[in-house]
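Presented below is the structure to which this report refers.
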Amino acid sequence: MNKLNLNEIKSYWFSQAISHKTSQNASWSDLAVIDMEIEQIDKWIVEGDMVLDIGCANGYSTISYGNRKKINILGLDYIPEMIEYAKINLNEMNSGPSKISFDVGDILNLNDFINHFDKIISTRVLINLRSWNNQKTALQSCANALKTKGLLLLSEATIQGWNNLNCFRKEWGLSIIPEPPFNTYLDERKVIDFLADEMEFLGLNNFSSTYYLGTRVLKPLLIKILGCDIDVGNPDMHWNKWFSQLPAWGDYGTQKLFVFQKK
Ligand SMILES: C[S@@+](CC[C@H](N)C(=O)[O-])C[C@H]1O[C@@H](n2cnc3c(N)ncnc32)[C@H](O)[C@@H]1O
């Protein structure tokens, strides 16, 4: 599949903003994974934190973090229309004492925020940057924007998780799931090595492994065997919800959470 260039990727996110408006689907239709990400990332956030949610789309996750603990959280996205809808969502969803704000901003240039944040969250943003060079620039700009001892929380798709899932599928006669044309998955080793001088690597959480096996292997197999008329990609089924609540086992999830601490 032909990869989109950076302008085409930006147009894709603009069209997501316009077509989904304030809906969570602007970010991704697989809402169970978004909720799993919030659950995992929230464990690293403490009251009083100054947090950046970079690439926040229309703000669902940003506002959720703010509603869970009293923090100061800024959501930035490079699509102005995403930010407009995030501000509308803020009026409707905000229920806590946190300071939550939104603005237009690019992960490739966080120069206004040097040594500024206790935590930086990037969920499925680096994978939209088209090349490892751009991904390195983004990682460096996040590292610069963190205070000493601050945490970088990256929930991103990795090549290793994706390959493992596809190997599992192949064993059962299922086709390979392609990388979407607007994504460039991360190489886990490269990310860890690139940040090693400035950031201590605290771990890689395979939080989505069981969910991906349930929804990307067992579900299509059952549909195939039983011959039932079910949309395998429908993320709103009880099947998906149930698998999202099981403990994560193995290394078969495309989506993983990296945790780094600035030295
Ligand atoms: C997959 S969505 C994830 C949204 C949100 N982080 C979440 O967890 O639901 C990716 C978001 O990253 C934004 N994005 C992509 N490249 C960006 C960049 N260079 N700077 C800032 N935002 C970017 C897109 O506009 C989109 O809203």
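Going by the structure tokens order, chains are called A, B, ..., each with residues numbered from 1, while ligands are numbered from 1 in the order shown.
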Check your understanding: Within 6 Å of ligand 1, counting only C-alpha atoms and all ligand atoms: which residues, as a PyMOL selection string?
Key -> chain A and resi 13+27-28+55-57+61+77-79+105-108+123-125+128
Between region 39-154 of chain A and region 196-208 of chain A, at 9 Å or less, what are the per-residue closest atom pairs and their distances in Å? Count only C-alpha atoms, order by chain and rising residue number, and return it as CSV.
```
residue,atom,partner,partner_atom,distance
A:Gln40,CA,A:Phe207,CA,7.7
A:Ala143,CA,A:Glu198,CA,7.6
A:Lys149,CA,A:Met199,CA,8.8
A:Leu151,CA,A:Met199,CA,8.8
A:Leu152,CA,A:Met199,CA,8.7
```
C-alpha atoms of the current selection, written as a PDB file, in the first residue's frame:
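Final output, saved to result38.pdb:
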```
ATOM      1  CA  GLN A  40      -2.735   2.675  31.761  1.00  0.00           C
ATOM      2  CA  ALA A 143      12.426  15.281  25.710  1.00  0.00           C
ATOM      3  CA  LYS A 149      12.640  13.536  36.169  1.00  0.00           C
ATOM      4  CA  LEU A 151       7.934  11.203  32.263  1.00  0.00           C
ATOM      5  CA  LEU A 152       7.364  10.614  28.570  1.00  0.00           C
TER       6      LEU A 152
END
```
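By only C-alpha atoms, and with residues fewer than 3 positions from Pro97 (chain A) along its chain excluded, the set lying at most 12 Å from it is Glu47, Gly48, Ile63, Tyr65, Gly66, Asn67, Arg68, Lys69, Lys70, Ile71, Asn72, Ile73, Asn94 and Ile100 of chain A.
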Mind writing the picked residues with C-alpha atoms as a PDB file, in the first residue's frame?
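Once written, result_19.pdb looks like this:
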```pdb
ATOM      1  CA  GLU A  47      -2.152  15.291  41.445  1.00  0.00           C
ATOM      2  CA  GLY A  48      -0.559  18.637  40.709  1.00  0.00           C
ATOM      3  CA  ILE A  63     -10.464  15.846  29.405  1.00  0.00           C
ATOM      4  CA  TYR A  65      -7.245  12.726  32.494  1.00  0.00           C
ATOM      5  CA  GLY A  66      -8.296  16.105  33.861  1.00  0.00           C
ATOM      6  CA  ASN A  67     -11.501  14.640  35.278  1.00  0.00           C
ATOM      7  CA  ARG A  68      -9.660  11.848  37.085  1.00  0.00           C
ATOM      8  CA  LYS A  69      -7.141  13.923  39.078  1.00  0.00           C
ATOM      9  CA  LYS A  70      -6.503  17.565  39.865  1.00  0.00           C
ATOM     10  CA  ILE A  71      -3.864  18.455  37.299  1.00  0.00           C
ATOM     11  CA  ASN A  72      -2.959  21.180  34.862  1.00  0.00           C
ATOM     12  CA  ILE A  73      -3.253  19.679  31.377  1.00  0.00           C
ATOM     13  CA  ASN A  94     -15.311  18.807  32.159  1.00  0.00           C
ATOM     14  CA  ILE A 100      -7.705  21.948  31.156  1.00  0.00           C
TER      15      ILE A 100
END
```
Check your understanding: Which of region 57-237 of chain A counts as strand (DSSP E or B) under DSSP, as an MDAnalysis selection string please?
Key -> chainID A and resid 72:77 99:104 106 109 117:123 146:158 186 199:205
Practice item. Using only C-alpha atoms, determine which residues lie at most 10 Å from Ile114 (chain A), disregarding the query and same-chain residues fewer than 3 positions distant; provide the list as an NGL selection string. Key: :A and (110-111 or 117 or 141-147)
Selection export as a PDB file, in the first residue's frame, atoms kept: C-alpha atoms:
```pdb
ATOM      1  CA  LEU A 110       7.602  22.454  21.169  1.00  0.00           C
ATOM      2  CA  ASN A 111      10.186  25.228  21.580  1.00  0.00           C
ATOM      3  CA  PHE A 117       6.076  19.601  31.772  1.00  0.00           C
ATOM      4  CA  SER A 141      11.205  17.906  21.103  1.00  0.00           C
ATOM      5  CA  CYS A 142       9.230  15.982  23.767  1.00  0.00           C
ATOM      6  CA  ALA A 143      12.426  15.281  25.710  1.00  0.00           C
ATOM      7  CA  ASN A 144      13.308  19.008  25.630  1.00  0.00           C
ATOM      8  CA  ALA A 145       9.839  20.004  26.841  1.00  0.00           C
ATOM      9  CA  LEU A 146      10.049  17.760  29.929  1.00  0.00           C
ATOM     10  CA  LYS A 147      11.400  18.845  33.289  1.00  0.00           C
TER      11      LYS A 147
END
```
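From CA of Leu76 (chain A) back to CA of Ile54 (chain A), the distance works out to 5.0 Å.
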Point to revise | Proximity to Ile9 (chain A) - best of A:Asp112, A:Pro181, A:Lys219, A:Asp42, only C-alpha atoms | key: A:Pro181
Practice item. Quick one: everything within 12 Å of His238 (chain A), counting only C-alpha atoms, minus sequence neighbours fewer than 3 positions away in the same chain. Send it as a list in words. Key: Ala32, Gly214, Thr215, Lys219, Asn234, Pro235, Lys241, Trp242, Phe243, Ser244 and Gln245 of chain A
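CA of Leu74 (chain A) is positioned 20.9 Å from CA of Lys10 (chain A).
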Review point. From the list A:Met237, A:Lys256, A:Asp103, A:Ala17, which residue is nearest Leu31 (chain A) when using only C-alpha atoms?
Key: A:Met237
Quick one: residues within 12 Å of Ser11 (chain A), only C-alpha atoms counted, chain neighbours fewer than 3 positions away excluded, as a PDB file with N, CA and C atoms, in the first residue's frame?
```pdb
ATOM      1  N   LEU A   4       1.105   7.668   2.494  1.00  0.00           N
ATOM      2  CA  LEU A   4       0.777   9.079   2.288  1.00  0.00           C
ATOM      3  C   LEU A   4       1.970   9.936   2.698  1.00  0.00           C
ATOM      4  N   ASN A   5       2.112  11.115   2.044  1.00  0.00           N
ATOM      5  CA  ASN A   5       3.155  12.037   2.502  1.00  0.00           C
ATOM      6  C   ASN A   5       2.592  12.893   3.648  1.00  0.00           C
ATOM      7  N   LEU A   6       3.451  13.746   4.231  1.00  0.00           N
ATOM      8  CA  LEU A   6       3.037  14.491   5.436  1.00  0.00           C
ATOM      9  C   LEU A   6       1.811  15.376   5.191  1.00  0.00           C
ATOM     10  N   ASN A   7       1.754  16.024   4.005  1.00  0.00           N
ATOM     11  CA  ASN A   7       0.592  16.876   3.705  1.00  0.00           C
ATOM     12  C   ASN A   7      -0.684  16.053   3.600  1.00  0.00           C
ATOM     13  N   GLU A   8      -0.558  14.885   2.974  1.00  0.00           N
ATOM     14  CA  GLU A   8      -1.734  14.014   2.825  1.00  0.00           C
ATOM     15  C   GLU A   8      -2.201  13.496   4.189  1.00  0.00           C
ATOM     16  N   PHE A  14      -7.490  16.380   9.076  1.00  0.00           N
ATOM     17  CA  PHE A  14      -8.467  17.469   8.903  1.00  0.00           C
ATOM     18  C   PHE A  14      -9.841  16.869   8.577  1.00  0.00           C
ATOM     19  N   SER A  15      -9.856  15.895   7.652  1.00  0.00           N
ATOM     20  CA  SER A  15     -11.151  15.311   7.260  1.00  0.00           C
ATOM     21  C   SER A  15     -11.766  14.524   8.422  1.00  0.00           C
ATOM     22  N   GLN A  16     -10.934  13.913   9.256  1.00  0.00           N
ATOM     23  CA  GLN A  16     -11.462  13.222  10.446  1.00  0.00           C
ATOM     24  C   GLN A  16     -12.142  14.228  11.387  1.00  0.00           C
ATOM     25  N   ALA A  17     -11.506  15.409  11.532  1.00  0.00           N
ATOM     26  CA  ALA A  17     -12.069  16.447  12.414  1.00  0.00           C
ATOM     27  C   ALA A  17     -13.415  16.919  11.883  1.00  0.00           C
ATOM     28  N   ILE A  18     -13.462  17.171  10.572  1.00  0.00           N
ATOM     29  CA  ILE A  18     -14.689  17.718   9.975  1.00  0.00           C
ATOM     30  C   ILE A  18     -15.810  16.688   9.994  1.00  0.00           C
ATOM     31  N   TYR A  78      -2.236  19.708  15.784  1.00  0.00           N
ATOM     32  CA  TYR A  78      -1.875  20.591  14.658  1.00  0.00           C
ATOM     33  C   TYR A  78      -3.059  20.888  13.729  1.00  0.00           C
ATOM     34  N   ILE A  79      -4.232  20.315  14.005  1.00  0.00           N
ATOM     35  CA  ILE A  79      -5.428  20.605  13.203  1.00  0.00           C
ATOM     36  C   ILE A  79      -6.313  21.582  13.996  1.00  0.00           C
ATOM     37  N   PRO A  80      -6.422  22.857  13.549  1.00  0.00           N
ATOM     38  CA  PRO A  80      -7.208  23.835  14.315  1.00  0.00           C
ATOM     39  C   PRO A  80      -8.644  23.395  14.560  1.00  0.00           C
ATOM     40  N   GLU A  81      -9.232  22.668  13.585  1.00  0.00           N
ATOM     41  CA  GLU A  81     -10.628  22.232  13.753  1.00  0.00           C
ATOM     42  C   GLU A  81     -10.749  21.205  14.883  1.00  0.00           C
ATOM     43  N   ASN A 128       2.150   9.030  12.951  1.00  0.00           N
ATOM     44  CA  ASN A 128       1.639   9.838  11.828  1.00  0.00           C
ATOM     45  C   ASN A 128       2.706  10.723  11.198  1.00  0.00           C
ATOM     46  N   PHE A 182      -1.446   6.020   6.333  1.00  0.00           N
ATOM     47  CA  PHE A 182      -1.051   7.253   7.021  1.00  0.00           C
ATOM     48  C   PHE A 182      -0.171   6.975   8.248  1.00  0.00           C
TER      49      PHE A 182
END
```
As a compact mmCIF listing (two decimals) with C-alpha atoms, in the first residue's frame, list the residues of region 175-263 of chain A assigned to alpha helix (DSSP H) by DSSP on the backbone atoms of this structure.
```txt
# COMPACT_ATOMS: atom_id res chain seq x y z
CA GLU A 188 10.93 -0.40 19.67
CA ARG A 189 14.71 -0.84 19.77
CA LYS A 190 15.35 2.36 17.79
CA VAL A 191 13.14 4.45 20.11
CA ILE A 192 14.82 3.12 23.25
CA ASP A 193 18.33 3.53 21.82
CA PHE A 194 17.64 7.02 20.47
CA LEU A 195 16.48 8.35 23.86
CA SER A 209 -2.00 -7.96 23.72
CA THR A 210 -5.03 -9.96 24.90
CA TYR A 211 -7.42 -7.50 23.27
CA TYR A 212 -5.69 -7.79 19.89
CA LEU A 213 -5.67 -11.61 20.09
CA LYS A 219 -13.02 -13.05 16.36
CA PRO A 220 -12.22 -13.40 12.62
CA LEU A 221 -11.60 -17.13 13.11
CA LEU A 222 -14.99 -17.64 14.76
CA ILE A 223 -16.72 -15.63 12.04
CA LYS A 224 -14.96 -17.73 9.40
CA ILE A 225 -15.71 -21.08 11.05
CA LEU A 226 -19.33 -20.28 11.91
CA HIS A 238 -19.72 -7.06 23.67
CA TRP A 239 -16.97 -9.36 22.41
CA ASN A 240 -14.60 -6.38 22.13
CA LYS A 241 -15.68 -4.89 25.45
CA TRP A 242 -15.12 -8.19 27.24
CA PHE A 243 -11.65 -8.72 25.77
CA SER A 244 -10.67 -5.16 26.69
```
Check your understanding: Nearest to Ser98 (chain A) among A:Ala157, A:Val51, A:Leu139, A:Leu129, with distances taken over only C-alpha atoms: which residue is it?
Key ->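 Going through A:Ala157, A:Val51, A:Leu139, A:Leu129 one by one, the smallest distance to Ser98 (chain A) is for A:Val51.
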